[in-house]
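Let me begin by presenting the structure, written as structure tokens, before commenting on it.
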Amino acid sequence: MSFNFINIKKIENEAFTIHCVQAPEDGEMVNAQIIETPNKLLLIDTLQLKPHADELRLYIDSLNKPLDKILISHHHPDHWFGAASFEGYPISAFPEVIGIINALADYLLGYHRSLHPETPDVIPSNKVLPTIPLEEGAIDFDGITINLQKVYETECPVNLVVEIPDHKILLAQDLVYNKAYPYFGERTQAGEYGFDNWIAVLESFEAKGYEHILPGHGDPTDLSIIPTMSGYLNFAKAKVNEGLRGEDLINSIKAEYPGYGLELTLHMSNYMLFVFQNQ
């Protein structure tokens with residue numbers, strides 16, 4: 001089966017297959033992860049734009065196994081807008097994430113439609129939200145132990161990361177970006193930048209020695225991505241603390257990390273930290 005938009009990479013072993021389904025640049029290089037076992041499927045995140053999410057749905061249907069669970073990792077719209085292509089399926093998220101999405105859904109859908117005045121249909125017309133509260137901890141999924149971990153105040157207020165400990169696999173979602181500019185536009189509840197806590201969480205990942213890491217944006221990778229991510233965050237933190245703003249901040253990061261995709265997130269980070277917060 002061929003697709004016009006999505007790109008698929010796989011991690012396979014005798015017990016399960018993970019399908020990393022990536023949207024193109026106009027869909028923010030965002031990843032949906034499918035865990036396929038002999039009997040069923042688990043989907044983490046649903047992409048953003050409707051054409052990409054529709055192809056994700058077609059790909060899942062082509063696997064000919066029941067889609068048992070859909071988990072939404074956090075409230076950023078590139079990870080849950082595509083749930084509209086899975087209307088009728090049970091969709092779960094941590095209670096805090098459900099609350100934030102419910103509060104922001106109408107605004108976010110309307111705002112993103114305004115960004116596509118000539119093609120508004122790329123943003124779903126129907127609002128499909130997670131409704132089932134997710135609990136942190138270990139679950140058994142068709143004989144595989146999966147750990148659902150809640151991470152606070154990093155890339156956003158609450159993130160889900162998924163660990164398959166027996167196979168040293170981490171589905172990190174937006175705690176890790178690979179060859180894409182990470183978004184750093186959120187502040188902590190205390191109003192501080194989130195760099196330090198994010199770096200500390202990444203260091204805890206490094207200590208676990210994962211063999212495979214699946215990021216929220218960009219291609220699957222390995223443990224070498226952790227020092228790269230930490231270095232990026234330390235560099236961005238230093239430039240922010242030096243007082244760089246706007247194009248000066250964006251250009252300094254691009255010069256240090258050339259060739260990355262998703263420049264949009266640099267502009268979003270600057271806007272959310274230094275423009276939106278001061279309106």
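Residues in the structure tokens are numbered from 1 in each chain, the chains being A, B, ... in the order shown, and ligands are numbered from 1 in the order shown.
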
Each residue of range 67-89 of chain A lying at most 10 Å from range 29-32 of chain A should get a row with its shortest atom-to-atom pair and the distance in Å to one decimal, counting only C-alpha atoms; could you produce that, ordered by chain and increasing number, as CSV?
residue,atom,partner,partner_atom,distance
A:Ile72,CA,A:Ala32,CA,9.6
A:Asp78,CA,A:Val30,CA,6.7
A:His79,CA,A:Val30,CA,7.3
A:Trp80,CA,A:Ala32,CA,9.8
A:Gly82,CA,A:Ala32,CA,9.8

DSSP strand (DSSP E) selection over range 91-257 of chain A, as number ranges by chain: A: 91-93, 132-133, 137-141, 144-152, 158-164, 169-177, 212-217

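Every protein, DNA or RNA residue with an atom at most 10 Å from His267 in chain A, where only C-alpha atoms count and chain neighbours fewer than 4 positions away do not, is listed here: Tyr183, Gly185, Gly246, Glu247, Leu249, Ile250, Leu262, Glu263, Tyr271 and Met272 of chain A.
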
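Contact shell of range 88-102 of chain A at 8 Å (only C-alpha atoms; same-chain neighbours under 5 positions omitted): Lys69, Ile70, Leu71, Ile72, Ser73, His74, His75, Leu129, Pro130, Thr131, Ile132, Pro133, Leu134, Glu135, Glu136, Lys150, Val158 and Leu160 of chain A.
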
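Candidate residues A:Ala255, A:Leu109, A:Ile18, A:Ala236 were compared for distance to Lys50 in chain A, and the nearest is A:Leu109, using only C-alpha atoms.
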
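Nearest-residue note for Ser2 in chain A: choosing from A:Leu115, A:Leu58, A:Ala23, A:Ile35, the minimum distance belongs to A:Leu58, counting only C-alpha atoms.
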
Excluding Phe3 in chain A and residues on its chain fewer than 2 positions from it, collect all residues at most 9 Å away from it, counting only C-alpha atoms, and give them as a compact mmCIF listing (two decimals) with N, CA and C atoms, in the first residue's frame.
# COMPACT_ATOMS: atom_id res chain seq x y z
N MET A 1 0.85 -1.20 0.00
CA MET A 1 0.00 0.00 0.00
C MET A 1 0.88 1.24 0.00
N PHE A 5 1.22 10.96 1.80
CA PHE A 5 1.73 11.87 2.81
C PHE A 5 2.62 11.19 3.84
N ILE A 6 2.10 10.21 4.51
CA ILE A 6 2.79 9.66 5.67
C ILE A 6 3.99 8.81 5.28
N ASN A 7 4.95 8.77 6.19
CA ASN A 7 6.15 7.93 6.04
C ASN A 7 6.17 6.96 7.21
N GLU A 55 -4.86 9.01 6.30
CA GLU A 55 -3.94 7.97 5.84
C GLU A 55 -3.48 7.08 6.98
N TYR A 59 -3.84 3.08 7.07
CA TYR A 59 -2.71 2.18 7.36
C TYR A 59 -3.06 1.24 8.50

Range 85-267 of chain A: residues DSSP assigns to alpha helix (DSSP H), reported as an NGL selection string: :A and (95-114 or 195-207 or 225-241 or 246-256 or 264-267)

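When only C-alpha atoms are used to compute distances to Arg57 in chain A, the closest of the residues A:Asp174, A:Glu36, A:Glu28, A:Glu87 turns out to be A:Glu87.
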
Residue nearest Ala83 in chain A among A:Thr221, A:Ser125, A:Thr119, A:Ser114 (counting only C-alpha atoms): A:Ser125

Length of the CA of Val21 in chain A to CA of Leu214 in chain A vector [Å]: 10.6 Å

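Proximity ranking of A:Leu108, A:Pro227, A:Gln189, A:Gly216 relative to Gln22 in chain A places A:Gly216 first, based on only C-alpha atoms.
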
Spatial neighbours of range 166-168 of chain A, max dist 9 Å, only C-alpha atoms, sep filter under 2 positions, as JSON, numbers by chain: {"A": [144, 145, 146, 163, 164, 170, 208, 209, 210, 211, 212, 213]}

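For the set A:Leu47, A:Ala103, A:Ile253, A:Ala84, the residue with the smallest atom-to-atom gap to Lys127 in chain A is A:Ala84, counting only C-alpha atoms.
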
Distance query Phe16 in chain A at most 12 Å, only C-alpha atoms, self and fewer than 3 positions along chain excluded, as a list of chain:residue names: A:Lys10, A:Ile11, A:Glu12, A:Asn13, A:His19, A:Ile34, A:Ile35, A:Glu36, A:Thr37, A:Pro38, A:Asn39, A:Lys40, A:Leu41, A:Leu42, A:Phe141, A:Asp142, A:Gly143, A:Ile144, A:Thr145, A:Ile164, A:His167, A:Ile169
